[in-house]
>>> print(open('model-v2.txt').read())   # compact mmCIF, C-alpha atoms
# COMPACT_ATOMS: atom_id res chain seq x y z
CA MET A 210 -19.14 10.13 66.31
CA THR A 211 -18.54 9.85 62.57
CA ASP A 212 -20.49 8.02 59.88
CA THR A 213 -18.64 5.14 58.33
CA GLN A 214 -19.52 3.07 55.29
CA VAL A 215 -19.39 -0.63 55.78
CA LEU A 216 -17.43 -2.29 52.94
CA PRO A 217 -18.17 -5.78 51.79
CA PRO A 218 -15.96 -8.33 53.49
CA GLY A 219 -12.74 -9.18 51.64
CA THR A 220 -12.63 -5.86 49.70
CA GLY A 221 -10.44 -2.90 50.30
CA THR A 222 -12.17 -0.44 47.98
CA ARG A 223 -15.57 1.05 47.74
CA PRO A 224 -17.93 -0.37 45.16
CA GLU A 225 -18.48 1.85 42.12
CA PRO A 226 -21.83 3.59 42.19
CA GLU A 227 -24.38 2.40 39.69
CA PRO A 228 -24.84 4.74 36.68
CA ARG A 229 -27.70 7.13 37.01
CA PRO A 230 -30.73 6.49 34.81
CA ASP A 231 -30.57 9.94 33.21
CA ARG A 232 -26.91 9.39 32.23
CA ILE A 233 -27.78 6.01 30.72
CA ARG A 234 -30.52 7.62 28.64
CA ALA A 235 -28.13 10.39 27.54
CA ASP A 236 -25.49 7.85 26.45
CA ARG A 237 -28.04 5.85 24.51
CA ALA A 238 -29.33 9.00 22.79
CA ARG A 239 -25.77 10.03 21.90
CA LYS A 240 -24.98 6.62 20.40
CA LYS A 241 -28.24 6.61 18.49
CA ARG A 242 -27.47 10.07 17.10
CA ARG A 243 -23.98 8.98 16.02
CA ARG A 244 -25.36 5.89 14.27
CA LYS A 245 -27.90 8.08 12.49
CA GLU A 246 -25.20 10.53 11.39
CA ALA A 247 -23.00 7.67 10.17
CA LEU A 248 -25.91 6.18 8.22
CA THR A 249 -26.70 9.56 6.67
CA ALA A 250 -23.06 10.02 5.66
CA HIS A 251 -22.92 6.57 4.06
CA LEU A 252 -26.15 7.23 2.17
CA PHE A 253 -24.71 10.44 0.72
CA LEU A 254 -21.46 8.63 -0.17
CA ALA A 255 -23.27 5.62 -1.66
CA PRO A 256 -23.53 7.06 -5.23
CA TRP A 257 -19.78 7.72 -5.25
CA PHE A 258 -18.96 4.23 -3.98
CA ILE A 259 -21.33 2.68 -6.53
CA GLY A 260 -19.70 4.71 -9.29
CA LEU A 261 -16.24 3.71 -8.07
CA LEU A 262 -17.10 0.01 -8.12
CA CYS A 263 -19.23 -0.11 -11.26
CA ILE A 264 -17.66 2.57 -13.46
CA THR A 265 -14.01 2.66 -12.35
CA ALA A 266 -12.82 -0.35 -10.37
CA GLY A 267 -14.95 -2.92 -12.21
CA PRO A 268 -13.88 -1.99 -15.76
CA LEU A 269 -10.31 -1.50 -14.53
CA LEU A 270 -10.07 -5.05 -13.23
CA ALA A 271 -11.92 -6.37 -16.28
CA SER A 272 -9.42 -4.70 -18.62
CA LEU A 273 -6.55 -6.20 -16.63
CA TYR A 274 -8.03 -9.65 -17.15
CA LEU A 275 -8.69 -8.98 -20.84
CA SER A 276 -5.07 -7.97 -21.35
CA PHE A 277 -4.12 -11.63 -20.80
CA THR A 278 -6.71 -12.94 -23.24
CA GLU A 279 -7.46 -12.90 -26.94
CA TYR A 280 -10.85 -11.26 -26.75
CA SER A 281 -13.29 -10.25 -29.45
CA PRO A 282 -16.92 -9.17 -28.96
CA ILE A 283 -17.82 -11.62 -31.71
CA ALA A 284 -15.59 -14.65 -31.05
CA GLY A 285 -15.38 -14.40 -27.26
CA SER A 286 -12.16 -14.77 -25.31
CA HIS A 287 -9.57 -17.33 -24.28
CA TRP A 288 -6.52 -17.08 -22.04
CA ILE A 289 -3.19 -16.50 -23.81
CA GLY A 290 -1.05 -15.25 -20.92
CA LEU A 291 1.64 -12.67 -21.79
CA GLU A 292 1.27 -13.05 -25.54
CA ASN A 293 -0.34 -9.62 -25.96
CA TYR A 294 2.55 -7.98 -24.15
CA THR A 295 5.26 -9.81 -26.08
CA ARG A 296 3.46 -9.02 -29.32
CA MET A 297 4.11 -5.31 -28.76
CA LEU A 298 7.83 -5.89 -29.13
CA ASP A 299 7.32 -6.96 -32.76
CA ASP A 300 4.64 -4.40 -33.64
CA PRO A 301 6.16 -1.55 -35.71
CA ARG A 302 3.05 0.63 -35.39
CA PHE A 303 3.18 0.25 -31.61
CA ALA A 304 6.77 1.54 -31.64
CA LYS A 305 5.77 4.38 -33.97
CA ALA A 306 2.83 5.38 -31.77
CA LEU A 307 5.00 5.31 -28.66
CA THR A 308 7.70 7.40 -30.36
CA ASN A 309 5.20 9.99 -31.63
CA THR A 310 3.64 10.30 -28.19
CA ALA A 311 7.02 10.62 -26.47
CA VAL A 312 8.13 13.39 -28.86
CA TYR A 313 4.80 15.16 -28.42
CA VAL A 314 4.96 14.99 -24.62
CA PHE A 315 8.62 15.87 -24.05
CA VAL A 316 8.60 18.75 -26.54
CA SER A 317 5.19 20.32 -26.04
CA VAL A 318 4.96 20.18 -22.24
CA PRO A 319 8.20 22.12 -21.50
CA LEU A 320 7.30 24.69 -24.18
CA GLN A 321 3.79 25.01 -22.80
CA LEU A 322 5.01 25.54 -19.23
CA ALA A 323 7.68 28.04 -20.31
CA PHE A 324 5.14 30.03 -22.32
CA ALA A 325 2.61 29.91 -19.47
CA LEU A 326 5.20 31.10 -16.93
CA ALA A 327 6.37 33.94 -19.19
CA LEU A 328 2.82 35.18 -19.67
CA ALA A 329 2.06 34.83 -15.95
CA LEU A 330 5.11 37.00 -15.16
CA ILE A 331 3.82 39.68 -17.53
CA LEU A 332 0.32 39.64 -16.04
CA ASP A 333 1.72 39.68 -12.52
CA ARG A 334 3.25 43.10 -13.11
CA GLY A 335 -0.13 44.77 -12.64
CA VAL A 336 -1.90 44.86 -15.99
CA GLN A 337 -5.19 46.74 -16.06
CA GLY A 338 -8.17 44.50 -16.71
CA LEU A 339 -6.37 41.45 -15.35
CA PRO A 340 -9.57 39.36 -14.88
CA ILE A 341 -10.42 39.86 -18.57
CA TYR A 342 -6.95 38.84 -19.76
CA ARG A 343 -6.94 35.89 -17.41
CA SER A 344 -10.27 34.66 -18.76
CA VAL A 345 -9.24 35.15 -22.39
CA TYR A 346 -5.94 33.32 -21.93
CA TYR A 347 -7.62 30.51 -20.00
CA LEU A 348 -10.18 29.92 -22.76
CA PRO A 349 -7.86 27.80 -24.99
CA SER A 350 -7.41 25.32 -22.14
CA LEU A 351 -11.17 24.77 -22.10
CA LEU A 352 -11.46 24.43 -25.87
CA GLY A 353 -8.12 22.84 -26.77
CA SER A 354 -9.31 19.25 -26.48
CA SER A 355 -12.60 19.84 -28.28
CA VAL A 356 -13.47 18.56 -31.73
CA ALA A 357 -14.28 22.08 -32.95
CA ILE A 358 -10.79 23.39 -32.19
CA ALA A 359 -9.19 20.36 -33.83
CA ILE A 360 -11.22 21.01 -36.99
CA LEU A 361 -10.25 24.67 -36.82
CA TRP A 362 -6.60 23.62 -36.54
CA ARG A 363 -6.91 21.62 -39.75
CA LYS A 364 -8.16 24.76 -41.48
CA VAL A 365 -5.43 26.97 -40.02
CA PHE A 366 -2.60 24.71 -41.22
CA GLY A 367 -4.23 23.54 -44.45
CA ASP A 368 -3.32 24.53 -48.01
CA GLU A 369 -5.34 27.73 -47.89
CA GLY A 370 -5.20 28.17 -44.14
CA LEU A 371 -4.55 31.23 -42.05
CA PHE A 372 -0.93 30.29 -41.43
CA ASN A 373 -0.14 30.18 -45.15
CA GLU A 374 -1.85 33.54 -45.63
CA PHE A 375 0.40 34.94 -42.91
CA LEU A 376 3.50 33.54 -44.65
CA ALA A 377 2.35 34.98 -47.99
CA VAL A 378 2.66 38.47 -46.52
CA PHE A 379 6.42 37.86 -46.32
CA GLY A 380 6.57 36.24 -49.74
CA VAL A 381 6.88 32.68 -48.41
CA GLU A 382 4.99 29.98 -50.28
CA GLY A 383 3.06 27.77 -47.90
CA ARG A 384 1.95 24.17 -48.01
CA SER A 385 -0.42 21.81 -46.23
CA TRP A 386 1.39 21.50 -42.93
CA ILE A 387 -0.89 18.76 -41.62
CA ALA A 388 -0.44 16.69 -44.81
CA ASP A 389 3.36 16.69 -44.60
CA PRO A 390 4.81 13.88 -42.40
CA SER A 391 7.70 16.12 -41.38
CA THR A 392 5.46 18.88 -39.99
CA ALA A 393 2.15 17.22 -39.05
CA LEU A 394 3.27 16.30 -35.55
CA GLY A 395 4.65 19.80 -35.09
CA THR A 396 1.21 21.31 -35.68
CA LEU A 397 -0.18 19.19 -32.84
CA ILE A 398 2.68 20.29 -30.60
CA VAL A 399 1.80 23.90 -31.35
CA LEU A 400 -1.82 23.15 -30.53
CA ASN A 401 -0.86 21.75 -27.12
CA VAL A 402 1.39 24.74 -26.40
CA TRP A 403 -1.53 27.01 -27.32
CA THR A 404 -3.57 25.50 -24.47
CA PHE A 405 -1.37 27.21 -21.87
CA GLY A 406 -4.22 28.83 -19.96
CA SER A 407 -4.58 26.33 -17.13
CA PRO A 408 -0.90 26.26 -16.04
CA MET A 409 -0.71 30.04 -16.55
CA VAL A 410 -3.51 30.68 -14.04
CA ILE A 411 -1.80 28.36 -11.54
CA PHE A 412 1.54 30.11 -12.09
CA LEU A 413 -0.14 33.47 -11.60
CA ALA A 414 -1.65 32.33 -8.30
CA GLY A 415 1.78 31.11 -7.17
CA LEU A 416 3.43 34.42 -8.07
CA ARG A 417 0.89 36.28 -5.97
CA GLN A 418 1.98 34.23 -2.92
CA ILE A 419 5.64 35.34 -3.07
CA PRO A 420 6.25 38.10 -0.46
CA ARG A 421 7.16 41.43 -2.05
CA SER A 422 9.62 42.08 0.76
CA TYR A 423 12.02 39.60 -0.88
CA TYR A 424 12.13 41.68 -4.04
CA GLU A 425 12.52 44.91 -2.10
CA ALA A 426 15.49 43.48 -0.21
CA ALA A 427 17.02 42.28 -3.49
CA GLU A 428 16.60 45.73 -5.06
CA ILE A 429 18.40 47.29 -2.09
CA ASP A 430 21.29 44.88 -2.73
CA GLY A 431 21.35 45.95 -6.38
CA ALA A 432 19.91 42.79 -7.93
CA GLY A 433 18.56 43.09 -11.45
CA ARG A 434 15.49 41.42 -12.97
CA ALA A 435 17.35 38.31 -14.07
CA ARG A 436 18.97 37.86 -10.67
CA LYS A 437 15.64 38.31 -8.87
CA PHE A 438 13.98 35.79 -11.18
CA PHE A 439 16.60 33.06 -10.75
CA SER A 440 17.29 33.72 -7.05
CA ILE A 441 13.78 34.48 -5.75
CA THR A 442 10.94 33.85 -8.19
CA LEU A 443 12.00 30.52 -9.70
CA PRO A 444 13.10 28.80 -6.44
CA LEU A 445 9.92 29.82 -4.61
CA LEU A 446 7.84 28.81 -7.62
CA THR A 447 9.32 25.30 -7.97
CA PRO A 448 6.40 23.61 -6.12
CA ILE A 449 4.02 25.15 -8.69
CA VAL A 450 6.33 24.14 -11.55
CA PHE A 451 6.39 20.59 -10.20
CA PHE A 452 2.60 20.46 -9.88
CA ASN A 453 2.06 21.75 -13.43
CA LEU A 454 4.73 19.43 -14.81
CA VAL A 455 3.15 16.28 -13.36
CA LEU A 456 -0.35 17.35 -14.37
CA GLN A 457 0.54 18.30 -17.94
CA LEU A 458 2.67 15.18 -18.50
CA ILE A 459 -0.26 12.97 -17.55
CA ASN A 460 -2.66 14.96 -19.73
CA ALA A 461 -0.29 14.97 -22.71
CA PHE A 462 0.18 11.19 -22.64
CA GLN A 463 -3.61 10.83 -22.84
CA SER A 464 -4.07 13.22 -25.78
CA PHE A 465 -6.46 11.77 -28.32
CA THR A 466 -9.04 14.15 -29.79
CA GLN A 467 -6.64 16.53 -31.52
CA ALA A 468 -4.68 13.83 -33.34
CA PHE A 469 -7.81 11.82 -34.14
CA VAL A 470 -9.59 14.73 -35.82
CA VAL A 471 -6.54 16.21 -37.57
CA SER A 472 -5.45 12.84 -39.00
CA GLY A 473 -8.91 11.53 -39.77
CA GLY A 474 -8.58 8.80 -37.16
CA ASN A 475 -5.76 6.82 -38.79
CA GLY A 476 -2.61 8.74 -37.83
CA SER A 477 -1.96 10.05 -41.33
CA PRO A 478 0.15 11.15 -43.03
CA ALA A 479 2.43 8.10 -42.84
CA ASP A 480 1.58 7.48 -39.17
CA SER A 481 3.27 10.76 -38.22
CA THR A 482 0.33 11.71 -35.97
CA LEU A 483 -0.43 8.21 -34.71
CA PHE A 484 -0.66 8.75 -30.97
CA TYR A 485 -0.60 5.92 -28.45
CA THR A 486 -4.21 6.45 -27.36
CA MET A 487 -5.36 6.54 -30.97
CA TYR A 488 -3.64 3.22 -31.67
CA VAL A 489 -5.31 1.71 -28.60
CA TYR A 490 -8.67 2.99 -29.86
CA ASN A 491 -8.13 1.63 -33.38
CA LYS A 492 -7.11 -1.79 -32.11
CA GLY A 493 -9.99 -2.01 -29.67
CA PHE A 494 -12.89 -0.47 -31.57
CA LYS A 495 -11.92 -0.82 -35.23
CA SER A 496 -10.01 -4.09 -35.35
CA PHE A 497 -11.92 -5.46 -32.32
CA GLU A 498 -8.71 -6.77 -30.77
CA MET A 499 -9.86 -5.88 -27.25
CA GLY A 500 -7.27 -8.01 -25.48
CA TYR A 501 -4.36 -6.39 -27.29
CA ALA A 502 -5.86 -2.93 -26.75
CA ALA A 503 -6.28 -3.63 -23.03
CA ALA A 504 -2.65 -4.73 -22.79
CA MET A 505 -1.49 -1.51 -24.49
CA ALA A 506 -3.66 0.53 -22.14
CA TRP A 507 -2.00 -1.09 -19.12
CA VAL A 508 1.43 -0.43 -20.58
CA LEU A 509 0.46 3.23 -20.85
CA VAL A 510 -0.63 3.18 -17.21
CA LEU A 511 2.75 1.77 -16.22
CA ILE A 512 4.60 4.39 -18.31
CA ILE A 513 2.67 7.27 -16.74
CA ALA A 514 3.03 5.81 -13.23
CA THR A 515 6.78 5.32 -13.71
CA LEU A 516 7.35 8.86 -14.98
CA THR A 517 5.25 10.28 -12.16
CA ALA A 518 7.22 8.29 -9.59
CA VAL A 519 10.50 9.51 -11.14
CA ASN A 520 9.25 13.09 -10.98
CA PHE A 521 8.36 12.73 -7.32
CA PHE A 522 11.75 11.14 -6.57
CA MET A 523 13.68 13.83 -8.43
CA SER A 524 11.62 16.64 -6.92
CA LYS A 525 13.57 16.50 -3.67
CA TYR A 526 16.62 17.74 -5.58
CA TRP A 527 15.06 20.79 -7.22
CA VAL A 528 11.74 21.61 -5.52
CA PHE A 529 12.08 23.99 -2.58
CA TYR A 530 9.45 24.72 0.04
CA ASN A 531 9.32 27.56 2.51
CA ASP A 532 9.81 25.21 5.44
CA LYS A 533 13.14 23.92 4.11
>>> encode(input="model-v2.txt", output="structure tokens")
Amino acid sequence: MTDTQVLPPGTGTRPEPEPRPDRIRADRARKKRRRKEALTAHLFLAPWFIGLLCITAGPLLASLYLSFTEYSPIAGSHWIGLENYTRMLDDPRFAKALTNTAVYVFVSVPLQLAFALALALILDRGVQGLPIYRSVYYLPSLLGSSVAIAILWRKVFGDEGLFNEFLAVFGVEGRSWIADPSTALGTLIVLNVWTFGSPMVIFLAGLRQIPRSYYEAAEIDGAGRARKFFSITLPLLTPIVFFNLVLQLINAFQSFTQAFVVSGGNGSPADSTLFYTMYVYNKGFKSFEMGYAAAMAWVLVLIIATLTAVNFFMSKYWVFYNDK
């Protein structure tokens, strides 16, 4: 005779057993622990969220609103719509600042990356004391945007600067390179190229990731240095080139300290060193035209975002990854 379980009438399945008390307590403890962990995580993230809202997002949205107003800390503000943006089309100094910045960016950044890559290739060949060289070459990137280096640059390219003393050795008469409108912007380009340390270190790290077996196979096939560089090194290094290009373009468009110190804050001589960021600063904090300055700042954001988007779109045609 077998034991049978009597099912409730009208049902064809067994009723589910009630959860055990110890399992209920374990589930409650687990949920309580998860809530506590989530609360702890949010407490640690709270300073970042507060900073994002109060220091970044808040001023960002405020500047967007101000760009559609005529705002002055003294006279207050009133809505003028797109007038600030249309005003830029008739502002000759705005066009000059944009042109100077474009020349600075599109000349200095390629030269900087080329110089950084060349030096990284030399250091990658196994130089003794590599950590020392790497630190020394990286130092200009840390100091390049400082006021002290900008003041030093004024001395180097001044009337009695180090550069003129160097030219005097070869019998060449120098001049004040930062006081000449035809050469002042060039001195700032040289300064930006001099701060090659950061992309150089990144290039050097990328070179160390290329398998040596590729070069050994190329040597067996009789490839020379130029062929190995253009067929192996450069294609495998294109992701690093792309990363440095985007990063340095963004940084170059935001250059301010060097031009401000070298020119005395007004873009002299003859507005040849008037950078876009300096013009924004002068309009906002010297002329107190905050609305116009905010509009120019948002135009700069759009320019940088557009160029970055173009770089990302074009990267699929020249950037190669190992999985492709």
>>> atom_distance(input="model-v2.txt", atom1="CA of Leu443 (chain A)", atom2="CA of Ile419 (chain A)")
10.4 Å
>>> closest_residue(input="model-v2.txt", among="A:Phe277, A:Phe494, A:Phe324, A:Tyr485", to="Ile289 (chain A)", atoms="all atoms listed in the file")
A:Phe277
>>> closest_atom_pairs(input="model-v2.txt", of="region 219-326 of chain A", to="region 459-474 of chain A", cutoff="9 Å", atoms="all atoms listed in the file", output="Markdown table")
| residue | atom | partner | partner_atom | distance |
| --- | --- | --- | --- | --- |
| A:Thr310 | CA | A:Phe462 | CA | 6.6 |
| A:Ala311 | CA | A:Phe462 | CA | 7.9 |
| A:Tyr313 | CA | A:Ala461 | CA | 7.7 |
| A:Val314 | CA | A:Ala461 | CA | 5.6 |
| A:Ser317 | CA | A:Ala461 | CA | 8.4 |
| A:Val318 | CA | A:Ala461 | CA | 7.4 |
>>> atom_distance(input="model-v2.txt", atom1="CA of Thr265 (chain A)", atom2="CA of Gly285 (chain A)")
22.7 Å
>>> atom_distance(input="model-v2.txt", atom1="CA of Ala266 (chain A)", atom2="CA of Val356 (chain A)")
28.5 Å
>>> closest_residue(input="model-v2.txt", among="A:Thr447, A:Thr295, A:Ser524, A:Ser281", to="Met505 (chain A)", atoms="only C-alpha atoms")
A:Thr295
>>> closest_residue(input="model-v2.txt", among="A:Leu483, A:Tyr342, A:Leu458, A:Asp299", to="Ala514 (chain A)", atoms="only C-alpha atoms")
A:Leu458
>>> closest_residue(input="model-v2.txt", among="A:Val381, A:Ile264, A:Ile387, A:Ile331", to="Asp368 (chain A)", atoms="all atoms listed in the file")
A:Ile387
